[in-house]
Amino acid sequence: MKFKAWLKTIIFYEILIGMKATLMHLLHYKPITLQYPHEKRILPDSYRGMLALLRYDDGTEKCVGCDLCEAACPSRVIKVISAEVPDEPTKRFAKEYYMDMTRCLFCGLCVQACPVDALGMTREYEWAVYDKRQLLLNKGQLLAIGDRSYPVREKRLELQHPNVAFFNVAFKHLPPKES
Amino acid sequence: MATTAVETVRLTIDGVPVTVPKGTLVIEAARQTGVMIPHFCYHPKLKWDANCRMCLVEIEKMPKLQTSCSTPVAEGMVVRTATAVVNEAHKSVLEFILANHPLDCPVCDQGGRCDLQDFSHEYTPTTSRFIEVKRVFEKEYFSPLIETQMNRCVQCLRCVRYCDEVMDVKALAPVGRGTMTEIKHFTHHELDCEFCGGCVQICPVGAFTSRLSMYEFRPWMLKRADTICTYCGDGCQITIQTKENELIEVMSAHGAGRNNGDLCARGFFGYHATTHPDRLQHPLIRRNGQLIQTTWEEALEHVAETFTRLKLQHGPAAFGGLIASRCTNEDLYVFQKFMRLAIGSNRIDSSARYGHINGVRALRRVQGTHRWTVTFEDIVSADALLLVGTSLTETNPITGLKVKEAVKKQGAILLTIESLVPAVGTISNITNLATHHVSAHPEQFGNIVLGLIKAVIEEGLVDQALAQRATSYVQAISEAVRACPWPVIENATGATSSTLKETARTFARAARTIILVGQGVLRAPGGYGIVMNLLDLLLLTGKHDQPGCGLAPLAEENNDQGAVEMGTVAEFLPGPSDLNDRPARERIAGLWKEELPQGAGSTLIKMLEEARTGKIKAMLIVGENPVGSLPTGARAKEALEQLEFLVCQELFLTETAALAHVVLPACSYAEKDGTVTNTEGHVQQVRQAIEPIGESRPDWQILSALSGLLGYPLEYGESREILKEIRSLIPGYGLLGPAPTPPRPDQTVVDRYLREGYTEDLASRYSLAGEGQAERGSRKEGSFALVVGQTLFHSGKLSTRAKGLLQIQAAGFLGLNPANAQEIGVTEGDRVRISNEQGEMTTTVKLLDRVPEGLALFPEHFAEDRLTDQRR
Amino acid sequence: MKLEDQRTTVYKVDPEHPESATLPTLRTEELLLNMGPQHPSTHGVLKVILELEGERIVKATPVMGFLHRGVEKLAEDGTYHQFIPHTDRLDYVCAMYNNFAYCRAVEKLMNITVPERAEYLRTIVAEVQRIIGHQFWLGTQALDIGAMTVFFYTFRDREILLDWFDELCGARLTTSWYRIGGVERDFTPSLIEKLRRFLDYFPPKIDEYVVFLEKNRIWLARTKGVAVISAEDAISFGLSGPTLRGSGVDYDLRKYDGYAAYPRCEFSVPVGKNGDTYDRYWIRVQEMRESVKIVRQCLDQMPAEGPIMADVPSVTLPPKERVFTNLDSMIQQFKLFSQGFDAPRGEIYCGTEAHKGELGFYIVSAGGGKPYRLKIRAPSFIHMGAFDHMSRGYMIADAVTIFGTYDIVMGECDR
């Protein structure tokens with residue numbers, strides 16, 4: 001017994017055992033490392049990547065400028081400036097919409113907060129830029145991200161749910177709000 | 001204030017014993033114990049309606065749930081507000097309300113401060129059982145400023161009741177039945193009312209929202225500043241809400257300020273004036289006849305150099321100063337100190353000169369006070385109110401609300417002497433509520449007052465005590481009025497002697513009487529005499545020293561009262577003390593550590609005269625626009641053009657500022673701190689809501705900087721330091737409690753007046769004005785007596801920069817009685833050319849039932865309409 | 001051995017010049033050494049000022065705050081819901097457990113009962129997170145000591161779980177999956193399938209890690225008898241988790257507090273004897289095995305159907321699909337996201353057994369939608385308090401082992 005222990009010590013037995021485990025892997029060589037950027041991970045549908053503004057199937061913006069995303073955001077990424085749609089009295093929309101992606105936590109609370117499903121999280125993540133001012137996205141940029149990431153668009157909300165029929169509609173016979 | 005013991009009742013609410021006065025509603029008693037009972041239709045200002053059924057509570061020994069908003073407390077009552085049954089009731093009521101409410105919280109401006117949201121969030125079941133399609137109203141155009149979304153309405157009818165009970169306008173009505181009830185304007189054109197914004201403020205949901213700031217904000221983004229409205233002398237507390245330094249909206253919380261949360265169109269919709277794009281942002285200096293932009297340093301140095309040079313050449317008496325009484329007390333105080341010390345001239349005046357000073361001078365002379373001896377609360381609890389030339393709704397809308405409350409809720413008797421006639425109109429008409437009304441041309445107000453005094457004497461209504469105490473005074477007045485025979489009075493005024501006698505009797509018999517004097521009297525030639533006569537009326541009927549009685553001259557500008565008290569008028573030093581009052585001069589000089597300048601002050605008109613004759617070489621005008629506001633007869637423009645040097649501190653490039661050599665941009669009330677004193681003498685705080693626009697600075701800071709350059713530094717760090725100094729001059733001046741404590745008449749002054757003070761101008765006061773004039777009714781075909789006055793939607797010139805108010809009323813108009821209009825063959829909306837000896841102009845006709853025949857009403861606010869003499 | 005005694009000054013005295021007795025020729029004194037804040041083994045930005053006597057540590061003063069982000073202050077400025085993403089960034093390698101601990105505290109404050117299925121989901125994910133945490137710890141601890149291979153092995157298996165998280169909630173590290181009153185998303189069948197496959201795959205892998213370490217003489221020399229702390233001292237210093245249990249104190253909140261689905265699972269709490277680094281290593285390895293057991297039991301017991309969110313409309317978020325059709329839910333959504341819920345006045349402390357130790361949230365509510373004060377009892381921070389005590393007398397190289405044995409993460413420590 002004592003001899004065995006002595007032998008194990010001098011031949012570095014435990015090291016050999018470890019070496020064996022490693023060598024076994026060498027035989028069953030199956031790399032698990034991805035050669036990014038040549039290879040890319042397949043992301044799940046629920047991936048919380050870049051944020052985007054969405055449109056309805058008729059091409060109109062979903063966002064009604066309700067500011068709930070702004071209120072829900074834990075790091076004040078979003079700034080919404082809402083107004084009446086030009087030439088469509090009483091209809092509300094986001095005149096300007098900014099996201100300061102440098103601060104974003106990608107927590108998805110804004111998406112959850114949106115009462116009209118106007119926000120979506122895409123599977124885009126390669127957003128490294130040299131100038132961080134490029135990460136201050138405006139409405140046009142966010143809509144463009146939505147357009148390329150969500151090719152299938154929903155029907156208008158009021159067509160999906162009859163009970164929201166009088167939701168953010170324009171009354172053409174009214175004079176527009178004075179600016 | 002009467003301190004009679006109030007009967008109290010003890011009851012238990014949710015196990016908490018509470019003692020409240022008898023007659024309190026359960027909902028109010030619960031509020032005192034800290035229990036908030038949800039409600040939609042109930043509002044403390046309104047009579048209960050109990051239509052929303054939200055406030056149900058369980059009361060022991062009552063078989064069913066009771067509406068707490070309509071149940072008065074009773075001794076030993078046991079109320080439970082949070083039992084299972086009550087909660088079930090809340091849920092059912094909410095389920096019914098929500099059944100028809102659209103899902104438009106995301107687009108509704110009320111979202112975040114909506115009663116329905118709050119209660120639903122607190123009491124609702126999670127899912128509605130209603131799957132039916134919701135009710136939909138066809139949307140009609142309602143108004144340019146007030147947006148309605150009847151789909152959101154919970155039919156509590158608060159708006160309808162507010163419009164009727166508080167405002168007395170009755171512009172709104174419920175139409176339809178059941179769930180299809182809809183709040184509408186009566187007529188088929190867009191809403192035309194007082195635009196007080198009351199419906200927007202009182203709506204518990206988003207059925208009424210302001211279209212001015214629609215979709216621009218969420219309540220949680222707003223920063224609030226409680227400040228004071230500057231559009232009239234009522235001094236309403238307003239809360240300016242801003243978002244990132246942008247004005248979003250104005251509100252007034254229930255119970256706040258002297259206005260108790262009520263506002264008028266100017267207060268509610270007029271806030272955009274301060275951020276108008278035309279605001280002066282940089283100092284301007286005149287180079288080669290042109291005003292060009294410059295820096296503060298250059299502008300101030302130029303002013304200081306020129307002032308010093310002119311002072312050396314012509315002496316300090318060659319300077320004149322004029323300030324608008326829209327400025328804060330601090331501005332006014334620093335201005336007069338600047339003029340008196342840094343310049344050394346007593347030639348200062350303010351826009352209180354136009355009218356308010358007449359009231360204050362009369363009060364000082366007769367009863368030794370410079371403020372009202374009554375408060376708004378006294379107006380509400382008065383027995384009889386006499387209004388003379390007030391146009392109350394238009395000039396002082398909130399005082400008007402107090403009068404309405406007195407008449408409608410407290411049963412006071414209203415006596416009016418106005419140029420309007422009772423008529424139903426789109427805006428409320430105070431004369432509709434009058435028991436006795438005398439309609440007359442503004443020139444005749446004095447004669448009517450004479451008639452009233454004559455009636456008092458002839459009817460034997462003179463106070464016996466007074467008759468014994470001041471025999472000679474009563475005797476003198478009796479003789480004076482005897483010289484005015486009834487037929488002449490009747491002929492001139494158009495009022496019968498029986499009406500006047502009846503009015504006098506009603507007035508004399510009421511226990512608590514208040515006389516409200518408006519601009520129609522104060523600004524008229526001889527206004528001072530009329531106010532004196534009205535004070536005589538109070539003295540004769542023995543009411544001047546009775547509690548709850550008094551004469552109240554209404555201030556037109558928000559700080560007219562403060563301008564007088566700060567000594568920015570020709571005849572007063574701060575206090576106000578008379579300019580020649582030696583002890584006061586010594587005291588002030590002691591505090592200022594500087595001798596006060598000698599020499600008399602000059603009133604505005606005299607200053608203009610002196611400028612024309614070259615006696616005044618330079619003027620400093622702060623926020624006032626004499627060229628625009630004085631009648632053309634005063635030839636203000638000509639006078640100011642004569643000046644060697646004119647400096648203006650202004651918000652906008654007004655007609656006066658356009659003549660100036662240096663224009664310094666000043667801050668509006670929304671950009672500075674300070675205090676203002678309202679018409680009843682209550683000092684209130686103005687708070688900064690937004691950062692100064694451009695490079696503008698508060699007036700006192702500009703004056704302070706200028707004084708340093710002139711070598712008499714008046715240094716203050718902030719406005720509070722100025723108030724502290726004011727307080728050292730006028731002990732106790734400042735913010736004192738929620739309501740003013742009015743002064744009592746000084747008996748020694750009253751005695752002196754009764755002994756001898758009345759004699760000096762008795763004869764002139766007691767002579768019929770306009771005697772020998774063409775008789776009433778014999779006017780030339782197609783000619784009218786032009787009355788230039790205020791409209792409800794504007795105040796001075798500033799309001800014409802407010803986009804909200806311009807949407808209600810964009811330009812001047814000529815108000816005509818429909819009968820007159822038919823005579824000359826014009827109708828609503830016609831363009832007419834009017835002319836008088838001042839000039840001529842074209843304007844639009846508006847038919848108003850309230851304008852008496854033979855009169856034409858014209859608002860004074862629009863710069864392009866220069867026709868401001870009260871002659872035909 | 002008294003360290004003070006070793007400090008000696010040697011004087012060479014020249015008999016001809018007796019005054020030279022006062023002049024030292026060889027002087028020894030303590031060496032002050034700054035370790036960190038950029039040292040790779042300090043697991044972030046920890047700085048320790050070591051007072052050394054030769055290579056031995058006489059005194060160690062941790063300097064903290066390099067990663068301070070004012071998280072507790074941020075909590076005062078947002079609603080209770082809004083703080084969940086911020087908790088991700090405390091212990092950034094084990095975000096799920098932070099979410100869990102925070103949500104549990106708020107639920108305790110608001111007195112909310114979480115539905116059964118949600119409890120199981122939460123327990124499963126928490127235990128998966130524990131496995132990830134221990135894998136991460138094991139890999140880095142071995143790396144610190146010099147055994148690089150284990151790092152690759154543990155991280156290989158950790159990747160599987162992180163990808164599983166990614167599929168569950170859309171993010172690998174910053175998860176924000178727990179919600180007040182439940183969880184954000186339910187498991188899909190594919191997730192359950194993947195998890196079961198992992199449970200079969202993982203136990204042999206634990207043995208594989210152990211092969212490299214358990215008998216390795218370097219590992220044993222560096223861990224056995226290093227940073228010993230007695231049970232009394234451990235309790236006095238407020239240690240918790242494996243660090244406490246390594247000293248033989250059987251204290252585990254999962255057993256004691258019995259939250260979530262733990263009372264319904266069979267598992268044992270491994271306890272050490274010597275209170276040294278090796279025992280703490282051993283406990284963590286055993287805990288991985290126990291976690292596998294717990295997850296397996298939960299997957300078997302979990303009700304197949306059921307709500308994943310408590311239905312307390314005034315506090316919990318409504319399901320998204322109901323927001324479009326039901327006004328109550330719309331209002332609920334609006335109010336909760338804009339103003340939050342109205343918490344009762346009071347204060348609450350709720351500790352949760354994270355893999356590092358007791359992660360506690362102390363919330364003071366003054367009513368209204370925001371916490372008046374929120375204090376995080378971060379195990380890393382508490383454990384650093386014992387660092388000086390545990391490192392005295394050991395070699396400078398052992399300092400690295402001692403940070404490691406706490407499983408310190410500076411995000412949590414500095415907050």
# chains A, B, ... in the order shown; residues from 1 in each chain; ligands from 1

call {"tool": "select_by_dssp", "arguments": {"residues": "stretch 657-764 of chain B", "states": "strand (DSSP E or B)", "output": "PyMOL selection string"}}
result
chain B and resi 662-666+674-677+683-686+697

call {"tool": "closest_atom_pairs", "arguments": {"of": "chain C", "to": "chain A", "cutoff": "7 Å", "atoms": "only C-alpha atoms", "output": "CSV"}}
result
residue,atom,partner,partner_atom,distance
C:Gly78,CA,A:Pro74,CA,6.8
C:Gln82,CA,A:Pro74,CA,5.1
C:Phe83,CA,A:Pro74,CA,6.8
C:Pro85,CA,A:Cys107,CA,5.9
C:Asp166,CA,A:Tyr47,CA,6.7
C:Glu167,CA,A:Pro44,CA,5.3
C:Cys169,CA,A:Ser46,CA,6.5
C:Gly170,CA,A:Tyr47,CA,3.7
C:Ala171,CA,A:Arg48,CA,6.0
C:Ser176,CA,A:Cys107,CA,6.3
C:Val211,CA,A:Gly18,CA,6.2
C:Phe212,CA,A:Gly18,CA,5.0
C:Lys215,CA,A:Glu14,CA,5.9
C:Asn216,CA,A:Glu14,CA,5.8
C:Val323,CA,A:Pro115,CA,6.6
C:Phe324,CA,A:Pro115,CA,6.9
C:Thr325,CA,A:Asn163,CA,6.4
C:Gln333,CA,A:Ala113,CA,6.9
C:Phe337,CA,A:Ala72,CA,5.1
C:Ser338,CA,A:Ala71,CA,5.2

call {"tool": "residues_around", "arguments": {"residues": "B:Met339", "least_positions_apart": "4", "cutoff": "10 Å", "atoms": "only C-alpha atoms", "output": "MDAnalysis selection string"}}
result
chainID B and resid 316 319:322 333:335 343:348 568 597 620 703 707

call {"tool": "select_by_dssp", "arguments": {"residues": "stretch 332-397 of chain B", "states": "alpha helix (DSSP H)", "output": "PyMOL selection string"}}
result
chain B and resi 332-337+356-367+376-380+392-395+397

call {"tool": "write_last_selection", "arguments": {"atoms": "C-alpha atoms", "output": "mmCIF file, in the first residue's frame"}}
result
data_model
loop_
_atom_site.group_PDB
_atom_site.id
_atom_site.type_symbol
_atom_site.label_atom_id
_atom_site.label_comp_id
_atom_site.auth_asym_id
_atom_site.auth_seq_id
_atom_site.Cartn_x
_atom_site.Cartn_y
_atom_site.Cartn_z
ATOM 1 C CA LEU B 332 -41.515 98.239 -8.711
ATOM 2 C CA TYR B 333 -39.640 98.878 -5.515
ATOM 3 C CA VAL B 334 -36.219 98.720 -7.111
ATOM 4 C CA PHE B 335 -37.469 100.917 -9.935
ATOM 5 C CA GLN B 336 -38.592 103.713 -7.677
ATOM 6 C CA LYS B 337 -35.485 103.412 -5.553
ATOM 7 C CA HIS B 356 -56.583 102.394 -9.798
ATOM 8 C CA ILE B 357 -54.937 105.412 -8.210
ATOM 9 C CA ASN B 358 -58.303 107.201 -8.221
ATOM 10 C CA GLY B 359 -59.785 104.514 -6.014
ATOM 11 C CA VAL B 360 -56.831 104.437 -3.653
ATOM 12 C CA ARG B 361 -56.722 108.209 -3.295
ATOM 13 C CA ALA B 362 -60.401 108.338 -2.448
ATOM 14 C CA LEU B 363 -60.060 105.547 0.108
ATOM 15 C CA ARG B 364 -57.091 107.285 1.719
ATOM 16 C CA ARG B 365 -58.881 110.587 1.886
ATOM 17 C CA VAL B 366 -62.125 109.312 3.356
ATOM 18 C CA GLN B 367 -61.184 106.356 5.493
ATOM 19 C CA PHE B 376 -63.429 88.017 -1.438
ATOM 20 C CA GLU B 377 -64.980 86.051 1.411
ATOM 21 C CA ASP B 378 -66.915 89.157 2.444
ATOM 22 C CA ILE B 379 -68.197 89.484 -1.107
ATOM 23 C CA VAL B 380 -69.475 85.930 -1.001
ATOM 24 C CA LEU B 392 -67.133 92.357 -14.038
ATOM 25 C CA THR B 393 -67.085 89.226 -16.160
ATOM 26 C CA GLU B 394 -64.800 90.833 -18.683
ATOM 27 C CA THR B 395 -62.382 92.704 -16.448
ATOM 28 C CA PRO B 397 -63.713 87.333 -13.981
#

call {"tool": "interface_residues", "arguments": {"of": "chain B", "to": "chain C", "cutoff": "12 Å", "atoms": "only C-alpha atoms", "output": "mmCIF file with C-alpha atoms, in the first residue's frame"}}
result
data_model
loop_
_atom_site.group_PDB
_atom_site.id
_atom_site.type_symbol
_atom_site.label_atom_id
_atom_site.label_comp_id
_atom_site.auth_asym_id
_atom_site.auth_seq_id
_atom_site.Cartn_x
_atom_site.Cartn_y
_atom_site.Cartn_z
ATOM 1 C CA LYS B 91 -66.491 46.641 -9.146
ATOM 2 C CA LEU B 94 -66.620 50.256 -12.799
ATOM 3 C CA GLU B 95 -67.446 47.297 -14.960
ATOM 4 C CA PHE B 96 -70.365 49.210 -16.404
ATOM 5 C CA ILE B 97 -68.341 52.341 -16.968
ATOM 6 C CA LEU B 98 -65.463 50.436 -18.504
ATOM 7 C CA ALA B 99 -67.823 48.475 -20.713
ATOM 8 C CA ASN B 100 -68.111 51.484 -22.966
ATOM 9 C CA HIS B 101 -64.831 53.207 -22.401
ATOM 10 C CA PRO B 102 -62.499 52.921 -25.380
ATOM 11 C CA LEU B 103 -59.041 51.434 -24.974
ATOM 12 C CA ASP B 104 -57.324 54.673 -25.768
ATOM 13 C CA CYS B 105 -55.302 55.370 -22.669
ATOM 14 C CA PRO B 106 -52.193 55.458 -24.872
ATOM 15 C CA VAL B 107 -53.502 58.387 -26.874
ATOM 16 C CA CYS B 108 -55.451 60.143 -24.129
ATOM 17 C CA GLN B 110 -55.529 62.439 -19.222
ATOM 18 C CA GLY B 111 -53.643 59.154 -18.971
ATOM 19 C CA GLY B 112 -51.668 59.156 -15.757
ATOM 20 C CA ARG B 113 -53.921 61.559 -13.874
ATOM 21 C CA CYS B 114 -57.269 60.058 -14.711
ATOM 22 C CA ASP B 115 -59.737 59.250 -11.964
ATOM 23 C CA LEU B 116 -61.108 56.369 -13.948
ATOM 24 C CA GLN B 117 -57.651 54.862 -14.280
ATOM 25 C CA ASP B 118 -56.928 55.325 -10.608
ATOM 26 C CA PHE B 119 -60.162 53.833 -9.380
ATOM 27 C CA SER B 120 -60.146 51.076 -11.922
ATOM 28 C CA HIS B 121 -56.610 50.185 -10.972
ATOM 29 C CA GLU B 122 -57.586 50.117 -7.340
ATOM 30 C CA TYR B 123 -60.971 48.446 -7.429
ATOM 31 C CA THR B 124 -61.515 46.663 -10.688
ATOM 32 C CA PRO B 125 -61.901 43.010 -11.450
ATOM 33 C CA THR B 126 -59.187 41.911 -13.827
ATOM 34 C CA THR B 127 -61.382 41.051 -16.729
ATOM 35 C CA SER B 128 -64.576 42.539 -17.962
ATOM 36 C CA ARG B 129 -67.431 40.246 -18.732
ATOM 37 C CA PHE B 130 -68.593 42.489 -21.537
ATOM 38 C CA ILE B 131 -67.586 41.300 -24.939
ATOM 39 C CA GLU B 132 -69.977 43.524 -26.863
ATOM 40 C CA VAL B 133 -68.680 46.166 -29.185
ATOM 41 C CA LYS B 134 -68.325 49.488 -27.438
ATOM 42 C CA ARG B 152 -64.364 58.537 -23.003
ATOM 43 C CA ARG B 218 -47.481 63.053 -19.980
ATOM 44 C CA PRO B 219 -48.288 64.151 -16.465
ATOM 45 C CA TRP B 220 -45.220 62.494 -15.005
ATOM 46 C CA MET B 221 -42.936 64.600 -17.190
#

call {"tool": "residues_around", "arguments": {"residues": "stretch 132-140 of chain A", "least_positions_apart": "2", "cutoff": "10 Å", "atoms": "only C-alpha atoms", "output": "PDB file with N, CA and C atoms, in the first residue's frame"}}
result
ATOM      1  N   LEU A  51     -33.226  47.068 -30.731  1.00  0.00           N
ATOM      2  CA  LEU A  51     -34.639  47.448 -30.710  1.00  0.00           C
ATOM      3  C   LEU A  51     -35.054  48.005 -32.059  1.00  0.00           C
ATOM      4  N   ALA A  52     -36.341  47.860 -32.354  1.00  0.00           N
ATOM      5  CA  ALA A  52     -36.834  48.348 -33.632  1.00  0.00           C
ATOM      6  C   ALA A  52     -38.257  48.842 -33.484  1.00  0.00           C
ATOM      7  N   LEU A  53     -38.627  49.776 -34.339  1.00  0.00           N
ATOM      8  CA  LEU A  53     -40.021  50.219 -34.400  1.00  0.00           C
ATOM      9  C   LEU A  53     -40.689  49.479 -35.561  1.00  0.00           C
ATOM     10  N   VAL A  77     -33.386  55.519 -21.903  1.00  0.00           N
ATOM     11  CA  VAL A  77     -32.851  55.426 -23.247  1.00  0.00           C
ATOM     12  C   VAL A  77     -33.729  56.194 -24.218  1.00  0.00           C
ATOM     13  N   ILE A  78     -35.027  56.120 -23.960  1.00  0.00           N
ATOM     14  CA  ILE A  78     -35.993  56.519 -24.985  1.00  0.00           C
ATOM     15  C   ILE A  78     -36.461  57.944 -24.750  1.00  0.00           C
ATOM     16  N   LYS A  79     -36.635  58.651 -25.840  1.00  0.00           N
ATOM     17  CA  LYS A  79     -37.261  59.964 -25.768  1.00  0.00           C
ATOM     18  C   LYS A  79     -38.294  60.045 -26.878  1.00  0.00           C
ATOM     19  N   VAL A  80     -39.514  60.268 -26.487  1.00  0.00           N
ATOM     20  CA  VAL A  80     -40.603  60.340 -27.452  1.00  0.00           C
ATOM     21  C   VAL A  80     -41.132  61.758 -27.466  1.00  0.00           C
ATOM     22  N   ALA A  94     -45.820  59.542 -32.830  1.00  0.00           N
ATOM     23  CA  ALA A  94     -44.541  60.016 -32.314  1.00  0.00           C
ATOM     24  C   ALA A  94     -43.891  60.851 -33.408  1.00  0.00           C
ATOM     25  N   LYS A  95     -43.884  62.155 -33.184  1.00  0.00           N
ATOM     26  CA  LYS A  95     -43.269  63.033 -34.176  1.00  0.00           C
ATOM     27  C   LYS A  95     -41.769  62.742 -34.259  1.00  0.00           C
ATOM     28  N   GLU A  96     -41.189  62.602 -33.095  1.00  0.00           N
ATOM     29  CA  GLU A  96     -39.778  62.236 -33.037  1.00  0.00           C
ATOM     30  C   GLU A  96     -39.629  61.104 -32.034  1.00  0.00           C
ATOM     31  N   TYR A  97     -38.689  60.252 -32.292  1.00  0.00           N
ATOM     32  CA  TYR A  97     -38.486  59.109 -31.403  1.00  0.00           C
ATOM     33  C   TYR A  97     -36.994  58.813 -31.382  1.00  0.00           C
ATOM     34  N   TYR A  98     -36.410  58.922 -30.231  1.00  0.00           N
ATOM     35  CA  TYR A  98     -34.965  58.707 -30.141  1.00  0.00           C
ATOM     36  C   TYR A  98     -34.662  57.581 -29.170  1.00  0.00           C
ATOM     37  N   MET A  99     -33.648  56.814 -29.525  1.00  0.00           N
ATOM     38  CA  MET A  99     -33.154  55.827 -28.575  1.00  0.00           C
ATOM     39  C   MET A  99     -31.651  56.012 -28.467  1.00  0.00           C
ATOM     40  N   ASP A 100     -31.199  56.201 -27.260  1.00  0.00           N
ATOM     41  CA  ASP A 100     -29.763  56.329 -27.018  1.00  0.00           C
ATOM     42  C   ASP A 100     -29.253  54.937 -26.671  1.00  0.00           C
ATOM     43  N   MET A 101     -28.826  54.194 -27.712  1.00  0.00           N
ATOM     44  CA  MET A 101     -28.506  52.786 -27.492  1.00  0.00           C
ATOM     45  C   MET A 101     -27.254  52.595 -26.645  1.00  0.00           C
ATOM     46  N   THR A 102     -26.493  53.660 -26.427  1.00  0.00           N
ATOM     47  CA  THR A 102     -25.321  53.499 -25.572  1.00  0.00           C
ATOM     48  C   THR A 102     -25.721  53.166 -24.141  1.00  0.00           C
ATOM     49  N   ARG A 103     -26.928  53.512 -23.791  1.00  0.00           N
ATOM     50  CA  ARG A 103     -27.357  53.277 -22.418  1.00  0.00           C
ATOM     51  C   ARG A 103     -28.229  52.043 -22.268  1.00  0.00           C
ATOM     52  N   TRP A 127     -23.487  45.777 -33.556  1.00  0.00           N
ATOM     53  CA  TRP A 127     -23.709  47.219 -33.652  1.00  0.00           C
ATOM     54  C   TRP A 127     -22.513  48.004 -33.132  1.00  0.00           C
ATOM     55  N   ALA A 128     -21.351  47.423 -33.247  1.00  0.00           N
ATOM     56  CA  ALA A 128     -20.169  48.163 -32.809  1.00  0.00           C
ATOM     57  C   ALA A 128     -19.896  49.292 -33.795  1.00  0.00           C
ATOM     58  N   VAL A 129     -19.652  50.476 -33.283  1.00  0.00           N
ATOM     59  CA  VAL A 129     -19.365  51.615 -34.154  1.00  0.00           C
ATOM     60  C   VAL A 129     -18.136  52.336 -33.628  1.00  0.00           C
ATOM     61  N   TYR A 130     -17.543  53.126 -34.475  1.00  0.00           N
ATOM     62  CA  TYR A 130     -16.368  53.875 -34.050  1.00  0.00           C
ATOM     63  C   TYR A 130     -16.752  55.155 -33.328  1.00  0.00           C
ATOM     64  N   LEU A 142     -34.801  53.458 -36.564  1.00  0.00           N
ATOM     65  CA  LEU A 142     -35.440  52.370 -35.835  1.00  0.00           C
ATOM     66  C   LEU A 142     -36.487  51.668 -36.697  1.00  0.00           C
ATOM     67  N   LEU A 143     -37.182  52.467 -37.510  1.00  0.00           N
ATOM     68  CA  LEU A 143     -38.162  51.857 -38.415  1.00  0.00           C
ATOM     69  C   LEU A 143     -37.462  50.997 -39.454  1.00  0.00           C
ATOM     70  N   ALA A 144     -36.302  51.463 -39.905  1.00  0.00           N
ATOM     71  CA  ALA A 144     -35.568  50.696 -40.905  1.00  0.00           C
ATOM     72  C   ALA A 144     -35.117  49.361 -40.335  1.00  0.00           C
ATOM     73  N   ILE A 145     -34.689  49.372 -39.079  1.00  0.00           N
ATOM     74  CA  ILE A 145     -34.297  48.108 -38.446  1.00  0.00           C
ATOM     75  C   ILE A 145     -35.514  47.179 -38.391  1.00  0.00           C
ATOM     76  N   GLY A 146     -36.654  47.756 -38.022  1.00  0.00           N
ATOM     77  CA  GLY A 146     -37.881  46.957 -37.957  1.00  0.00           C
ATOM     78  C   GLY A 146     -38.243  46.387 -39.312  1.00  0.00           C
TER      79      GLY A 146
END

call {"tool": "atom_distance", "arguments": {"atom1": "atom CA of B:Gly520", "atom2": "atom CA of B:Gly389"}}
result
4.4 Å

call {"tool": "atom_distance", "arguments": {"atom1": "atom CA of B:Gln807", "atom2": "atom CA of A:Glu84"}}
result
17.8 Å

call {"tool": "atom_distance", "arguments": {"atom1": "atom CA of B:Gln313", "atom2": "atom CA of B:Ile285"}}
result
22.2 Å

call {"tool": "residues_around", "arguments": {"residues": "C:Lys59", "least_positions_apart": "2", "cutoff": "9 Å", "atoms": "only C-alpha atoms", "output": "list in words"}}
result
Ile49, Leu50, Glu51, Leu52, Ile57, Thr61, Asp388, His389, Ser391, Arg392 and Gly393 of chain C

call {"tool": "write_last_selection", "arguments": {"atoms": "C-alpha atoms", "output": "short mmCIF file (atom, residue, chain, number, x, y, z; two decimals), in the first residue's frame"}}
result
data_model
loop_
_atom_site.label_atom_id
_atom_site.label_comp_id
_atom_site.auth_asym_id
_atom_site.auth_seq_id
_atom_site.Cartn_x
_atom_site.Cartn_y
_atom_site.Cartn_z
CA ILE C 49 -3.33 46.69 0.17
CA LEU C 50 -1.14 43.95 1.52
CA GLU C 51 1.29 44.47 4.32
CA LEU C 52 3.95 41.88 3.79
CA ILE C 57 0.70 38.59 4.69
CA THR C 61 -6.94 45.84 3.57
CA ASP C 388 -8.06 40.23 6.43
CA HIS C 389 -8.81 37.65 9.08
CA SER C 391 -5.41 35.82 4.87
CA ARG C 392 -3.11 36.75 7.76
CA GLY C 393 -0.11 34.59 7.90
#
